[in-house]
$ cat final19.cif   # mmCIF, C-alpha atoms
data_run
#
loop_
_atom_site.group_PDB
_atom_site.id
_atom_site.type_symbol
_atom_site.label_atom_id
_atom_site.label_comp_id
_atom_site.auth_asym_id
_atom_site.auth_seq_id
_atom_site.Cartn_x
_atom_site.Cartn_y
_atom_site.Cartn_z
ATOM 1 C CA MET F 1288 -2.625 10.721 2.427
ATOM 2 C CA CYS F 1289 -4.858 13.598 3.238
ATOM 3 C CA GLY F 1290 -8.206 13.084 4.934
ATOM 4 C CA ARG F 1291 -9.968 9.829 4.233
ATOM 5 C CA ALA F 1292 -8.205 9.081 0.956
ATOM 6 C CA GLY F 1293 -6.695 5.652 0.715
ATOM 7 C CA VAL F 1294 -5.682 2.821 -1.535
ATOM 8 C CA TRP F 1295 -6.632 -0.700 -0.529
ATOM 9 C CA ALA F 1296 -4.733 -3.862 -1.438
ATOM 10 C CA ARG F 1297 -6.107 -7.109 -0.054
ATOM 11 C CA ALA F 1298 -3.638 -9.945 0.633
ATOM 12 C CA GLY F 1299 -6.110 -12.828 0.798
ATOM 13 C CA GLY F 1300 -6.905 -14.619 -2.434
ATOM 14 C CA LEU F 1301 -4.467 -12.760 -4.661
ATOM 15 C CA GLY F 1302 -3.527 -14.252 -7.980
ATOM 16 C CA ALA F 1303 -0.130 -14.559 -9.576
ATOM 17 C CA VAL F 1304 3.082 -12.865 -8.517
ATOM 18 C CA GLY F 1305 3.404 -9.569 -10.380
ATOM 19 C CA GLU F 1306 -0.341 -8.907 -10.367
ATOM 20 C CA HIS F 1307 -1.322 -5.245 -9.981
ATOM 21 C CA VAL F 1308 -3.458 -5.041 -6.831
ATOM 22 C CA ALA F 1309 -4.669 -1.433 -6.708
ATOM 23 C CA ASN F 1310 -6.216 1.089 -9.087
ATOM 24 C CA LEU F 1311 -4.080 4.239 -8.781
ATOM 25 C CA LEU F 1312 -5.514 6.409 -11.559
ATOM 26 C CA ARG F 1313 -6.525 9.227 -9.166
ATOM 27 C CA TYR F 1314 -3.332 9.220 -7.090
ATOM 28 C CA GLN F 1315 -0.369 11.387 -8.108
ATOM 29 C CA THR F 1316 2.008 10.140 -5.401
ATOM 30 C CA LEU F 1317 1.726 6.398 -6.037
ATOM 31 C CA ARG F 1318 2.751 4.772 -9.307
ATOM 32 C CA ASP F 1319 1.985 1.063 -8.746
ATOM 33 C CA VAL F 1320 1.253 -1.604 -6.133
ATOM 34 C CA VAL F 1321 2.239 -5.131 -7.158
ATOM 35 C CA PHE F 1322 1.813 -8.451 -5.347
ATOM 36 C CA GLY F 1323 5.211 -10.071 -4.740
ATOM 37 C CA GLY F 1324 4.039 -13.415 -3.350
ATOM 38 C CA SER F 1325 3.187 -15.170 -0.083
ATOM 39 C CA PHE F 1326 5.062 -17.856 1.817
ATOM 40 C CA GLU F 1327 4.470 -19.263 5.308
ATOM 41 C CA GLY F 1328 2.186 -16.452 6.437
ATOM 42 C CA TYR F 1329 4.198 -13.579 4.980
ATOM 43 C CA SER F 1330 2.987 -11.550 1.995
ATOM 44 C CA THR F 1331 5.152 -9.172 -0.017
ATOM 45 C CA PHE F 1332 4.021 -6.127 -1.977
ATOM 46 C CA ALA F 1333 6.057 -3.673 -4.042
ATOM 47 C CA VAL F 1334 4.916 -0.044 -3.848
ATOM 48 C CA GLY F 1335 6.173 2.401 -6.465
ATOM 49 C CA VAL F 1336 6.158 6.142 -5.766
ATOM 50 C CA ARG F 1337 6.882 9.142 -8.024
ATOM 51 C CA ALA F 1338 9.921 10.331 -6.004
ATOM 52 C CA ARG F 1339 11.914 9.622 -2.853
ATOM 53 C CA LEU F 1340 9.255 10.690 -0.372
ATOM 54 C CA PRO F 1341 9.094 10.244 3.401
ATOM 55 C CA PHE F 1342 6.806 7.477 4.614
ATOM 56 C CA ARG F 1343 5.785 5.614 7.754
ATOM 57 C CA VAL F 1344 4.398 2.136 8.378
ATOM 58 C CA LEU F 1345 1.708 1.442 10.981
ATOM 59 C CA VAL F 1346 -0.074 -1.686 12.202
ATOM 60 C CA LEU F 1347 -3.731 -1.138 13.098
ATOM 61 C CA ALA F 1348 -6.044 -3.522 14.941
ATOM 62 C CA GLY F 1349 -9.169 -4.930 13.339
ATOM 63 C CA PRO F 1350 -11.412 -5.875 11.868
ATOM 64 C CA GLY F 1351 -12.123 -8.530 14.479
ATOM 65 C CA THR F 1352 -9.000 -10.385 15.572
ATOM 66 C CA HIS F 1353 -7.068 -9.448 12.419
ATOM 67 C CA SER F 1354 -4.694 -6.538 11.896
ATOM 68 C CA ARG F 1355 -3.885 -4.189 9.001
ATOM 69 C CA VAL F 1356 -0.622 -2.717 7.745
ATOM 70 C CA VAL F 1357 -0.790 0.937 6.680
ATOM 71 C CA LEU F 1358 1.825 2.574 4.469
ATOM 72 C CA ASP F 1359 1.483 6.345 4.815
ATOM 73 C CA VAL F 1360 3.386 8.183 2.053
ATOM 74 C CA ALA F 1361 3.870 11.966 2.040
ATOM 75 C CA HIS F 1362 2.595 13.864 -0.998
ATOM 76 C CA GLN F 1363 5.396 16.458 -0.923
ATOM 77 C CA TRP F 1364 8.860 16.859 0.519
#

$ encode --input "final19.cif" --output "C-alpha cells"
Amino acid sequence: MCGRAGVWARAGGLGAVGEHVANLLRYQTLRDVVFGGSFEGYSTFAVGVRARLPFRVLVLAGPGTHSRVVLDVAHQW
C-alpha cells in the first residue's frame, strides 16, 4: 500500500468464524478480509484480492511486548 494507507484487522475479541473484519470500501486492491477462527494461540484470516498480485508478509515489533503481522499487497503487476 502506498504511503500511510492501511487496513486494520484486530485478532483479539473477534466474533464468529466468517465475520468480516475490515471495511474495504475505499480499497481497490482488496476485496474482503474474513476471520477464519482461532485455536491454541493461532488465528486465521482469509484475504481476498482482485487479481493474482505479488505480496509480502512482515512481522513488526510492538506495541509493547506484542508483535504485528503485516500483509503488503501490490496494487499493480

$ resolve_selection --input "final19.cif" --expression "the PyMOL selection byres ((chain F and resi 1327-1335) around 10)" --output "compact mmCIF listing (two decimals) with C-alpha atoms, keeping the file's coordinate frame"
# COMPACT_ATOMS: atom_id res chain seq x y z
CA ALA F 1296 -4.73 -3.86 -1.44
CA ALA F 1298 -3.64 -9.94 0.63
CA GLY F 1299 -6.11 -12.83 0.80
CA VAL F 1304 3.08 -12.86 -8.52
CA GLY F 1305 3.40 -9.57 -10.38
CA GLU F 1306 -0.34 -8.91 -10.37
CA HIS F 1307 -1.32 -5.24 -9.98
CA VAL F 1308 -3.46 -5.04 -6.83
CA THR F 1316 2.01 10.14 -5.40
CA LEU F 1317 1.73 6.40 -6.04
CA ARG F 1318 2.75 4.77 -9.31
CA ASP F 1319 1.98 1.06 -8.75
CA VAL F 1320 1.25 -1.60 -6.13
CA VAL F 1321 2.24 -5.13 -7.16
CA PHE F 1322 1.81 -8.45 -5.35
CA GLY F 1323 5.21 -10.07 -4.74
CA GLY F 1324 4.04 -13.42 -3.35
CA SER F 1325 3.19 -15.17 -0.08
CA PHE F 1326 5.06 -17.86 1.82
CA VAL F 1336 6.16 6.14 -5.77
CA ARG F 1337 6.88 9.14 -8.02
CA ALA F 1338 9.92 10.33 -6.00
CA ARG F 1339 11.91 9.62 -2.85
CA LEU F 1358 1.82 2.57 4.47

$ atom_distance --input "final19.cif" --atom1 "atom CA of Leu1340 of chain F" --atom2 "atom CA of Leu1311 of chain F"
17.0 Å

$ residues_around --input "final19.cif" --residues "segment 1341-1347 of chain F" --least-positions-apart "6" --cutoff "6 Å" --atoms "only C-alpha atoms" --output "PyMOL selection string"
chain F and resi 1354-1361

$ decode --input "final19.cif" --residues "segment 1313-1325 of chain F" --atoms "all heavy atoms" --output "compact mmCIF listing (two decimals), in the first residue's frame"
# COMPACT_ATOMS: atom_id res chain seq x y z
N ARG F 1313 -12.91 1.78 0.39
CA ARG F 1313 -12.02 2.71 -0.32
C ARG F 1313 -10.82 2.02 -0.97
O ARG F 1313 -9.96 2.68 -1.54
CB ARG F 1313 -11.50 3.78 0.64
CG ARG F 1313 -12.62 4.61 1.24
CD ARG F 1313 -12.08 5.69 2.15
NE ARG F 1313 -11.11 5.16 3.09
CZ ARG F 1313 -10.02 5.81 3.47
NH1 ARG F 1313 -9.74 6.99 3.01
NH2 ARG F 1313 -9.19 5.27 4.33
N TYR F 1314 -10.74 0.71 -0.88
CA TYR F 1314 -9.56 0.00 -1.38
C TYR F 1314 -9.90 -0.82 -2.63
O TYR F 1314 -10.76 -1.70 -2.58
CB TYR F 1314 -9.00 -0.92 -0.29
CG TYR F 1314 -8.56 -0.13 0.91
CD1 TYR F 1314 -9.40 0.04 2.00
CD2 TYR F 1314 -7.31 0.46 0.95
CE1 TYR F 1314 -9.01 0.78 3.10
CE2 TYR F 1314 -6.91 1.20 2.04
CZ TYR F 1314 -7.76 1.35 3.11
OH TYR F 1314 -7.38 2.08 4.20
N GLN F 1315 -9.22 -0.53 -3.74
CA GLN F 1315 -9.49 -1.24 -4.99
C GLN F 1315 -8.81 -2.60 -5.05
O GLN F 1315 -9.28 -3.51 -5.72
CB GLN F 1315 -9.04 -0.39 -6.16
CG GLN F 1315 -9.81 0.91 -6.30
CD GLN F 1315 -9.26 1.76 -7.43
OE1 GLN F 1315 -8.26 1.42 -8.06
NE2 GLN F 1315 -9.91 2.87 -7.70
N THR F 1316 -7.67 -2.75 -4.38
CA THR F 1316 -6.90 -3.98 -4.44
C THR F 1316 -7.53 -5.10 -3.63
O THR F 1316 -7.61 -6.23 -4.07
CB THR F 1316 -5.46 -3.72 -3.96
OG1 THR F 1316 -4.88 -2.71 -4.77
CG2 THR F 1316 -4.61 -4.96 -4.04
N LEU F 1317 -8.00 -4.78 -2.43
CA LEU F 1317 -8.56 -5.80 -1.54
C LEU F 1317 -10.05 -5.96 -1.76
O LEU F 1317 -10.76 -4.99 -2.00
CB LEU F 1317 -8.28 -5.42 -0.09
CG LEU F 1317 -6.81 -5.32 0.30
CD1 LEU F 1317 -6.68 -4.85 1.73
CD2 LEU F 1317 -6.10 -6.64 0.09
N ARG F 1318 -10.52 -7.19 -1.67
CA ARG F 1318 -11.95 -7.47 -1.82
C ARG F 1318 -12.62 -7.77 -0.48
O ARG F 1318 -13.74 -7.38 -0.23
CB ARG F 1318 -12.17 -8.66 -2.77
CG ARG F 1318 -11.82 -8.33 -4.19
CD ARG F 1318 -12.80 -7.29 -4.73
NE ARG F 1318 -12.49 -7.00 -6.10
CZ ARG F 1318 -12.29 -5.77 -6.57
NH1 ARG F 1318 -12.37 -4.74 -5.77
NH2 ARG F 1318 -12.02 -5.57 -7.82
N ASP F 1319 -11.94 -8.55 0.40
CA ASP F 1319 -12.54 -8.91 1.68
C ASP F 1319 -11.47 -9.43 2.63
O ASP F 1319 -10.45 -9.97 2.20
CB ASP F 1319 -13.60 -10.00 1.46
CG ASP F 1319 -14.67 -10.03 2.51
OD1 ASP F 1319 -14.59 -9.24 3.49
OD2 ASP F 1319 -15.61 -10.82 2.36
N VAL F 1320 -11.70 -9.25 3.93
CA VAL F 1320 -10.89 -9.85 4.97
C VAL F 1320 -11.86 -10.50 5.94
O VAL F 1320 -12.73 -9.85 6.51
CB VAL F 1320 -10.02 -8.81 5.72
CG1 VAL F 1320 -9.20 -9.47 6.81
CG2 VAL F 1320 -9.10 -8.08 4.74
N VAL F 1321 -11.71 -11.83 6.11
CA VAL F 1321 -12.67 -12.60 6.90
C VAL F 1321 -11.91 -13.37 7.98
O VAL F 1321 -10.86 -13.96 7.72
CB VAL F 1321 -13.45 -13.58 6.00
CG1 VAL F 1321 -14.39 -14.46 6.80
CG2 VAL F 1321 -14.23 -12.81 4.94
N PHE F 1322 -12.47 -13.38 9.19
CA PHE F 1322 -11.91 -14.13 10.30
C PHE F 1322 -12.18 -15.61 10.10
O PHE F 1322 -13.32 -16.03 9.87
CB PHE F 1322 -12.53 -13.65 11.61
CG PHE F 1322 -12.07 -14.39 12.82
CD1 PHE F 1322 -10.73 -14.46 13.14
CD2 PHE F 1322 -12.98 -15.00 13.65
CE1 PHE F 1322 -10.30 -15.13 14.27
CE2 PHE F 1322 -12.57 -15.67 14.78
CZ PHE F 1322 -11.22 -15.74 15.09
N GLY F 1323 -11.11 -16.44 10.17
CA GLY F 1323 -11.25 -17.87 9.95
C GLY F 1323 -11.29 -18.69 11.21
O GLY F 1323 -11.61 -19.87 11.19
N GLY F 1324 -10.97 -18.08 12.37
CA GLY F 1324 -11.02 -18.79 13.63
C GLY F 1324 -9.69 -18.73 14.37
O GLY F 1324 -8.67 -18.33 13.81
N SER F 1325 -9.71 -19.09 15.63
CA SER F 1325 -8.51 -19.14 16.48
C SER F 1325 -8.49 -20.45 17.24
O SER F 1325 -9.54 -20.94 17.68
CB SER F 1325 -8.50 -17.98 17.48
OG SER F 1325 -8.29 -16.76 16.84
